[in-house]
Structures are given as C-alpha cells and as structure tokens.
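As stored in upload_34.tsv (TSV, C-alpha atoms and all ligand atoms):
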chain	number	residue	atom	x	y	z
A	1	MET	CA	14.02	-0.85	7.43
A	2	THR	CA	12.39	-3.20	4.91
A	3	GLU	CA	15.72	-4.14	3.35
A	4	SER	CA	17.23	-5.12	6.64
A	5	ILE	CA	14.37	-7.32	7.79
A	6	SER	CA	13.20	-9.10	4.64
A	7	SER	CA	13.07	-9.38	0.89
A	8	GLY	CA	9.50	-8.02	0.64
A	9	LYS	CA	9.24	-4.60	-1.01
A	10	PHE	CA	6.99	-1.66	-0.38
A	11	ILE	CA	5.85	0.69	-3.17
A	12	THR	CA	3.57	3.69	-2.68
A	13	VAL	CA	1.61	5.83	-5.13
A	14	GLU	CA	0.88	9.46	-4.29
A	15	GLY	CA	-0.62	12.60	-5.79
A	16	ILE	CA	-3.36	15.20	-5.49
A	17	ASP	CA	-7.01	14.14	-5.76
A	18	GLY	CA	-7.91	13.19	-9.33
A	19	CYS	CA	-4.34	12.41	-10.47
A	20	GLY	CA	-5.14	8.79	-11.41
A	21	LYS	CA	-3.04	7.04	-8.77
A	22	THR	CA	-5.58	4.33	-7.95
A	23	THR	CA	-5.59	3.03	-11.55
A	24	GLN	CA	-1.79	2.99	-11.58
A	25	ALA	CA	-1.55	1.24	-8.20
A	26	GLU	CA	-3.77	-1.52	-9.64
A	27	TYR	CA	-1.53	-1.79	-12.73
A	28	ILE	CA	1.55	-2.16	-10.52
A	29	ILE	CA	-0.10	-5.05	-8.68
A	30	ASP	CA	-1.01	-6.70	-12.00
A	31	GLY	CA	2.59	-6.34	-13.18
A	32	LEU	CA	4.05	-7.78	-9.99
A	33	VAL	CA	1.65	-10.73	-10.03
A	34	GLU	CA	2.49	-11.37	-13.71
A	35	ALA	CA	6.17	-11.35	-12.72
A	36	GLY	CA	5.33	-14.22	-10.34
A	37	LEU	CA	5.45	-12.20	-7.12
A	38	SER	CA	2.96	-12.21	-4.29
A	39	ALA	CA	1.66	-8.65	-3.98
A	40	LYS	CA	-1.09	-6.94	-2.01
A	41	LEU	CA	-2.82	-3.63	-2.69
A	42	VAL	CA	-3.87	-1.42	0.24
A	43	ARG	CA	-5.40	2.04	0.34
A	44	GLU	CA	-5.16	4.87	2.82
A	45	PRO	CA	-6.85	6.00	4.89
A	46	GLY	CA	-8.27	2.48	5.31
A	47	GLY	CA	-7.22	-1.02	4.31
A	48	ASP	CA	-8.13	-2.78	7.58
A	49	PRO	CA	-11.51	-2.81	9.44
A	50	ILE	CA	-10.36	-0.36	12.14
A	51	SER	CA	-8.63	1.87	9.57
A	52	GLU	CA	-11.78	1.84	7.40
A	53	SER	CA	-13.84	3.06	10.39
A	54	ILE	CA	-11.34	5.89	10.88
A	55	ARG	CA	-11.63	6.64	7.12
A	56	LYS	CA	-15.41	7.16	7.42
A	57	LEU	CA	-14.87	9.58	10.26
A	58	LEU	CA	-12.14	11.43	8.37
A	59	LEU	CA	-13.91	11.80	5.04
A	60	HIS	CA	-17.52	12.18	6.07
A	61	ALA	CA	-17.52	13.82	9.54
A	62	GLU	CA	-20.33	16.35	9.70
A	63	GLU	CA	-18.87	18.45	12.51
A	64	SER	CA	-15.84	20.61	11.84
A	65	MET	CA	-12.67	18.64	12.54
A	66	SER	CA	-9.56	20.16	14.07
A	67	ASP	CA	-6.55	20.04	11.72
A	68	ARG	CA	-4.47	18.26	14.34
A	69	ALA	CA	-7.22	15.71	15.05
A	70	GLU	CA	-7.34	15.10	11.28
A	71	ALA	CA	-3.57	14.57	11.12
A	72	LEU	CA	-3.51	12.25	14.12
A	73	LEU	CA	-6.44	10.19	12.79
A	74	MET	CA	-4.68	9.81	9.42
A	75	ILE	CA	-1.61	8.55	11.26
A	76	ALA	CA	-3.65	6.36	13.64
A	77	SER	CA	-5.24	4.70	10.61
A	78	ARG	CA	-1.73	4.23	9.13
A	79	ALA	CA	-0.37	2.73	12.37
A	80	GLN	CA	-3.14	0.12	12.37
A	81	LEU	CA	-2.64	-0.72	8.69
A	82	THR	CA	1.15	-0.88	9.02
A	83	ASP	CA	1.08	-3.12	12.07
A	84	LYS	CA	-1.71	-5.47	10.99
A	85	VAL	CA	-1.30	-5.65	7.21
A	86	ILE	CA	1.79	-4.06	5.67
A	87	LEU	CA	4.56	-5.20	8.01
A	88	PRO	CA	3.38	-8.83	8.27
A	89	GLN	CA	3.31	-9.03	4.45
A	90	ILE	CA	6.76	-7.53	4.03
A	91	ILE	CA	8.29	-9.61	6.80
A	92	ASP	CA	6.86	-12.63	4.98
A	93	GLY	CA	8.81	-11.61	1.87
A	94	LYS	CA	5.74	-10.33	0.01
A	95	TRP	CA	5.24	-7.04	-1.83
A	96	VAL	CA	2.83	-4.30	-0.83
A	97	VAL	CA	1.57	-1.46	-3.00
A	98	ALA	CA	-0.13	1.36	-1.10
A	99	ASP	CA	-2.50	3.85	-2.68
A	100	ARG	CA	-1.26	6.70	-0.41
A	101	TYR	CA	0.95	6.42	2.68
A	102	ALA	CA	2.90	8.73	5.02
A	103	ASP	CA	3.76	11.29	2.29
A	104	SER	CA	0.03	12.07	1.98
A	105	THR	CA	0.01	13.39	5.54
A	106	VAL	CA	3.06	15.57	4.89
A	107	ALA	CA	1.46	16.88	1.67
A	108	TYR	CA	-2.16	17.34	2.86
A	109	GLN	CA	-1.88	18.14	6.56
A	110	GLY	CA	1.55	19.80	6.18
A	111	GLY	CA	1.26	21.59	2.80
A	112	GLY	CA	-2.53	21.80	2.65
A	113	ARG	CA	-3.40	22.59	6.26
A	114	GLY	CA	-0.14	24.32	7.17
A	115	LEU	CA	0.80	22.05	10.10
A	116	SER	CA	4.49	21.59	10.94
A	117	VAL	CA	6.08	19.20	8.46
A	118	LYS	CA	8.76	18.35	11.02
A	119	SER	CA	6.14	17.38	13.65
A	120	LEU	CA	4.14	15.37	11.11
A	121	SER	CA	7.28	13.54	9.97
A	122	ASP	CA	8.12	12.67	13.58
A	123	ILE	CA	4.61	11.37	14.31
A	124	ASN	CA	4.60	9.49	11.00
A	125	HIS	CA	7.89	7.88	12.04
A	126	PHE	CA	6.25	6.67	15.26
A	127	GLY	CA	2.98	5.62	13.56
A	128	THR	CA	4.71	3.66	10.77
A	129	TYR	CA	7.05	1.72	13.05
A	130	THR	CA	9.74	3.59	11.02
A	131	LEU	CA	8.73	1.74	7.83
A	132	LYS	CA	9.54	3.74	4.69
A	133	PRO	CA	8.58	2.82	1.13
A	134	ASP	CA	11.36	1.43	-1.08
A	135	LEU	CA	9.93	3.42	-3.97
A	136	THR	CA	7.25	6.10	-4.28
A	137	PHE	CA	5.58	7.37	-7.44
A	138	PHE	CA	4.24	10.90	-7.27
A	139	ILE	CA	1.81	11.29	-10.17
A	140	ASP	CA	1.93	15.00	-10.83
A	141	ILE	CA	-0.84	16.92	-12.57
A	142	PRO	CA	-1.91	20.57	-12.47
A	143	VAL	CA	-4.85	21.33	-10.18
A	144	GLU	CA	-7.05	22.48	-13.12
A	145	VAL	CA	-6.57	19.12	-14.88
A	146	ALA	CA	-7.33	17.19	-11.68
A	147	ASN	CA	-10.49	19.24	-11.24
A	148	MET	CA	-11.80	18.28	-14.66
A	149	ARG	CA	-11.25	14.60	-13.89
A	150	MET	CA	-12.88	14.55	-10.45
A	151	SER	CA	-16.51	13.61	-9.92
A	152	VAL	CA	-19.01	16.13	-8.59
A	153	ALA	CA	-19.57	14.10	-5.40
A	154	ARG	CA	-16.51	15.07	-3.34
A	155	ASP	CA	-15.52	14.07	0.16
A	156	ARG	CA	-14.61	16.50	2.96
A	157	ILE	CA	-10.96	16.90	1.90
A	158	GLU	CA	-11.59	16.88	-1.87
A	159	SER	CA	-13.96	19.81	-1.30
A	160	GLU	CA	-11.22	22.06	0.10
A	161	GLY	CA	-10.71	23.90	-3.21
A	162	ASP	CA	-7.94	24.80	-5.66
A	163	ASP	CA	-5.62	26.76	-3.36
A	164	PHE	CA	-5.54	23.84	-0.93
A	165	GLN	CA	-4.81	21.31	-3.71
A	166	GLN	CA	-2.07	23.61	-5.06
A	167	ARG	CA	-0.36	23.70	-1.64
A	168	VAL	CA	-0.62	19.91	-1.48
A	169	ARG	CA	0.97	19.62	-4.93
A	170	ASP	CA	3.77	22.06	-4.01
A	171	GLN	CA	4.53	20.04	-0.88
A	172	TYR	CA	4.74	16.82	-2.91
A	173	LEU	CA	7.16	18.55	-5.31
A	174	MET	CA	9.32	19.63	-2.36
A	175	LEU	CA	9.31	16.08	-1.03
A	176	SER	CA	10.44	14.71	-4.37
A	177	LYS	CA	13.33	17.20	-4.40
A	178	SER	CA	14.41	16.27	-0.88
A	179	GLU	CA	14.26	12.49	-1.52
A	180	PRO	CA	14.90	12.11	-5.27
A	181	ASP	CA	16.05	8.48	-5.05
A	182	ARG	CA	12.83	7.34	-3.40
A	183	VAL	CA	10.19	9.74	-4.77
A	184	ILE	CA	9.89	9.55	-8.56
A	185	VAL	CA	7.86	12.29	-10.24
A	186	ILE	CA	5.67	11.03	-13.07
A	187	ASN	CA	4.01	13.44	-15.50
A	188	GLY	CA	0.34	12.61	-14.92
A	189	GLU	CA	-0.79	14.39	-18.08
A	190	GLN	CA	0.49	11.50	-20.21
A	191	THR	CA	-1.95	8.78	-21.28
A	192	ILE	CA	-2.80	6.06	-18.75
A	193	GLU	CA	-0.79	3.58	-20.86
A	194	GLU	CA	2.28	5.84	-21.04
A	195	ILE	CA	2.22	6.35	-17.26
A	196	LYS	CA	1.86	2.61	-16.72
A	197	ILE	CA	4.92	1.90	-18.89
A	198	GLU	CA	7.04	4.63	-17.30
A	199	ILE	CA	6.22	3.36	-13.80
A	200	TRP	CA	6.95	-0.24	-14.77
A	201	ASN	CA	10.32	0.74	-16.27
A	202	HIS	CA	11.31	2.35	-12.96
A	203	ILE	CA	10.24	-0.73	-11.00
A	204	ASN	CA	12.12	-2.99	-13.36
A	205	SER	CA	15.33	-1.04	-13.20
A	206	LYS	CA	15.22	-0.63	-9.41
A	207	PHE	CA	14.37	-4.23	-8.53
A	208	ASN	CA	15.67	-6.13	-11.59
A	209	LEU	CA	12.43	-8.04	-12.16
A	301	LIG	P1	-8.27	8.85	-1.47
A	301	LIG	O1	-8.60	7.51	-0.98
A	301	LIG	O2	-7.12	8.99	-2.37
A	301	LIG	O3	-9.54	9.46	-2.20
A	301	LIG	P2	-10.53	8.66	-3.15
A	301	LIG	O4	-11.33	7.73	-2.27
A	301	LIG	O5	-11.33	9.75	-3.74
A	301	LIG	O6	-9.66	7.93	-4.14
A	301	LIG	O7	-8.00	9.79	-0.24
A	301	LIG	C1	-9.00	10.31	0.55
A	301	LIG	C2	-8.64	11.71	0.95
A	301	LIG	O8	-7.84	11.70	2.14
A	301	LIG	C3	-7.87	12.49	-0.11
A	301	LIG	O9	-8.52	13.74	-0.29
A	301	LIG	C4	-6.52	12.70	0.53
A	301	LIG	C5	-6.79	12.64	2.00
A	301	LIG	N1	-5.64	12.23	2.84
A	301	LIG	C6	-5.04	13.16	3.68
A	301	LIG	O10	-5.47	14.33	3.75
A	301	LIG	N2	-4.00	12.77	4.49
A	301	LIG	C7	-3.52	11.49	4.49
A	301	LIG	O11	-2.58	11.16	5.24
A	301	LIG	C8	-4.16	10.54	3.62
A	301	LIG	C9	-3.69	9.12	3.59
A	301	LIG	C10	-5.20	10.95	2.81
Hey, can you dump this file as structure tokens for me?
Ligand code: TYD
Amino acid sequence: MTESISSGKFITVEGIDGCGKTTQAEYIIDGLVEAGLSAKLVREPGGDPISESIRKLLLHAEESMSDRAEALLMIASRAQLTDKVILPQIIDGKWVVADRYADSTVAYQGGGRGLSVKSLSDINHFGTYTLKPDLTFFIDIPVEVANMRMSVARDRIESEGDDFQQRVRDQYLMLSKSEPDRVIVINGEQTIEEIKIEIWNHINSKFNL
C-alpha cells in the first residue's frame, strides 16, 4: 500500500522482550536522518496519547485480562497510531520506524497466547488500514540470552515466562519463513555495532540510500 500512495517508507523492528530492538530502532532513525531523510520513531503499544493510555491498561492492568481483550486492545492502539501518526507521515513522503507493529500481535497473541493467527491477521488488516511495513527486522536471540539482559522489573507480558517467550520466538521465525522478502532475521547475539551495520546494509541495498 505504501508504495502505491507515496514515497514515504515504513520500517519495523521486532523481537522477543530483551532482544535489543529499541536501541536498533533508534540507530535506524539516526542513519536515515544522516542520509538527509525526514524520519519519525514510534513505539507500540503507544506512540499517540490515546495509544499510550491503552498501553498503560495493557501492561499494568491489575485484574486478569482476557487473551482476546488483550489482542483487540493491541490492535486498537495500532489503529489509532496508524491513522493519526504513521499514515499521515508516509503519505507526506516521510519515513517511519516502528519499535513493534502488527507482527508483534501475531507473535505474542498468536504464538504466545495461542489465538488464531488467521483471525489476528484479519483484524490486524482492518486495524492497520491494510498498511504493511516495507521492511521488517526480526532481531532473534535465544530466550535464555534475553532473560539475562532483561531488568528485574517486568511488565505483565514480560512476566509470562520462558515457555511463552519461546512460543513468541517460534512464531516470529515462522513469519520470517512465510515472508522472507519483508522479514529479515538478524542474529541478535552479535555486538550492538555489528547488528547496526548489518541492518543498515539491508536498508541501503533495499532503498538505494
Ligand atoms: P515493548 O514496548 O517492546 O516493551 P518495553 O517497554 O519493555 O521495551 O512491548 C511491551 C510488551 O507488549 C512486550 O512484552 C510485547 C507486548 N506486545 C504484545 O504482546 N502484542 C503486541 O501487539 C505488541 C505491540 C506488544
């Protein structure tokens, strides 16, 4: 969709908790800005006042939340962010880098919680106004390594445990196999600098910057 409506590009960064994606998303923005492009960083769930309110509910709710309510709130937050922030930027010819997007719902609520991936993909399609990233980096690390990197203070979803994170990782790996041109797997056990360079080389070769 992005290619048909504008020259703005949309890049997403994905992975299990503790994989280092936020650092890399910031590096991508720095690289794009250095290349003279206008680029905006957003994070999910969140990135807009309404989406940030939904984030608080999602990550810190004290009552037990139904898996489907969780999935729908993730997608509601995404619909708001897509409509109010991402699409206007892209239509204006600007670049957007998202620290998580629709693949997170497929991985966490599909792989992690066991909800239907087909249903989640359909609702994602509706919630994203059919917007798909031009390029997605899946920073892949083993669950044990992620665990060592994560802080002790964990939110509701980060506290789900190793089996949950393993199912999320497996779902990401399946996604990358089903859409190999869009979803690039990056070995997250490399140094931060090595990952940064590998990601930038992919961006350069895809978009000829
Ligand atoms: P994130 O912002 O990456 O965590 P942090 O603030 O620690 O960097 O994501 C918050 C949590 O939300 C994370 O555990 C993944 C989860 N999540 C889903 O379960 N489904 C989704 O669709 C999204 C976007 C995030």
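Between atom CA of A:Met74 and atom CA of A:His202 the interatomic distance comes to 28.5 Å.
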Using only C-alpha atoms and all ligand atoms for the distances, tell me which of A:Leu72, A:Met174, A:Val97, A:Ile90 is nearest to ligand LIG 301 (chain A).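 Among A:Leu72, A:Met174, A:Val97, A:Ile90, it is A:Leu72 that comes nearest to ligand LIG 301 (chain A).
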Which residue, A:Ile54, A:Ala146, A:Ile157, A:Thr12, has the smallest gap to ligand LIG 301 (chain A) when you use all atoms listed in the file?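 Using all atoms listed in the file, the shortest distance to ligand LIG 301 (chain A) belongs to A:Ile157.
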Counting all atoms listed in the file, which residues have an atom no more than 12 Å from (-0.9, 23.4, 11.4) in the file's coordinates? Please list them as an mmCIF file with C-alpha atoms, in the frame of the given file.
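Saved the output as out11.cif:
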data_model
loop_
_atom_site.group_PDB
_atom_site.id
_atom_site.type_symbol
_atom_site.label_atom_id
_atom_site.label_comp_id
_atom_site.auth_asym_id
_atom_site.auth_seq_id
_atom_site.Cartn_x
_atom_site.Cartn_y
_atom_site.Cartn_z
ATOM 1 C CA SER A 66 -9.560 20.160 14.070
ATOM 2 C CA ASP A 67 -6.550 20.040 11.720
ATOM 3 C CA ARG A 68 -4.470 18.260 14.340
ATOM 4 C CA ALA A 69 -7.220 15.710 15.050
ATOM 5 C CA GLU A 70 -7.340 15.100 11.280
ATOM 6 C CA ALA A 71 -3.570 14.570 11.120
ATOM 7 C CA LEU A 72 -3.510 12.250 14.120
ATOM 8 C CA THR A 105 0.010 13.390 5.540
ATOM 9 C CA VAL A 106 3.060 15.570 4.890
ATOM 10 C CA ALA A 107 1.460 16.880 1.670
ATOM 11 C CA TYR A 108 -2.160 17.340 2.860
ATOM 12 C CA GLN A 109 -1.880 18.140 6.560
ATOM 13 C CA GLY A 110 1.550 19.800 6.180
ATOM 14 C CA GLY A 111 1.260 21.590 2.800
ATOM 15 C CA GLY A 112 -2.530 21.800 2.650
ATOM 16 C CA ARG A 113 -3.400 22.590 6.260
ATOM 17 C CA GLY A 114 -0.140 24.320 7.170
ATOM 18 C CA LEU A 115 0.800 22.050 10.100
ATOM 19 C CA SER A 116 4.490 21.590 10.940
ATOM 20 C CA VAL A 117 6.080 19.200 8.460
ATOM 21 C CA LYS A 118 8.760 18.350 11.020
ATOM 22 C CA SER A 119 6.140 17.380 13.650
ATOM 23 C CA LEU A 120 4.140 15.370 11.110
#
Interatomic distance, atom CA of A:Pro45 to atom CA of A:Asp103 (Å, one decimal):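 Straight-line distance from atom CA of A:Pro45 to atom CA of A:Asp103 works out to 12.1 Å.
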Just the number, please: distance in Å from atom CA of A:Arg149 to atom CA of A:Thr191, one decimal.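 These atoms are spaced 13.2 Å apart.
Residues lying within 9 Å of A:Arg156, counting only C-alpha atoms and ignoring same-chain neighbours fewer than 2 positions away, are A:Leu58, A:Leu59, A:His60, A:Ala61, A:Glu62, A:Arg154, A:Glu158, A:Ser159, A:Glu160.
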Prev. selection, C-alpha atoms, output as an mmCIF file, in the frame of the given file:
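After the write, result_15.cif holds the following:
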data_model
loop_
_atom_site.group_PDB
_atom_site.id
_atom_site.type_symbol
_atom_site.label_atom_id
_atom_site.label_comp_id
_atom_site.auth_asym_id
_atom_site.auth_seq_id
_atom_site.Cartn_x
_atom_site.Cartn_y
_atom_site.Cartn_z
ATOM 1 C CA LEU A 58 -12.140 11.430 8.370
ATOM 2 C CA LEU A 59 -13.910 11.800 5.040
ATOM 3 C CA HIS A 60 -17.520 12.180 6.070
ATOM 4 C CA ALA A 61 -17.520 13.820 9.540
ATOM 5 C CA GLU A 62 -20.330 16.350 9.700
ATOM 6 C CA ARG A 154 -16.510 15.070 -3.340
ATOM 7 C CA GLU A 158 -11.590 16.880 -1.870
ATOM 8 C CA SER A 159 -13.960 19.810 -1.300
ATOM 9 C CA GLU A 160 -11.220 22.060 0.100
#
I'd like to know which of A:Ile86, A:Ile91, A:Val13, A:Ile29 is closest to A:Phe138, using only C-alpha atoms.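 Checking each candidate against A:Phe138, we get A:Val13 as the closest.
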Counting all atoms listed in the file, the option among A:Val33, A:Ile75, A:Leu41, A:Ala25 closest to ligand LIG 301 (chain A):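 Among the listed residues, A:Ile75 lies closest to ligand LIG 301 (chain A).
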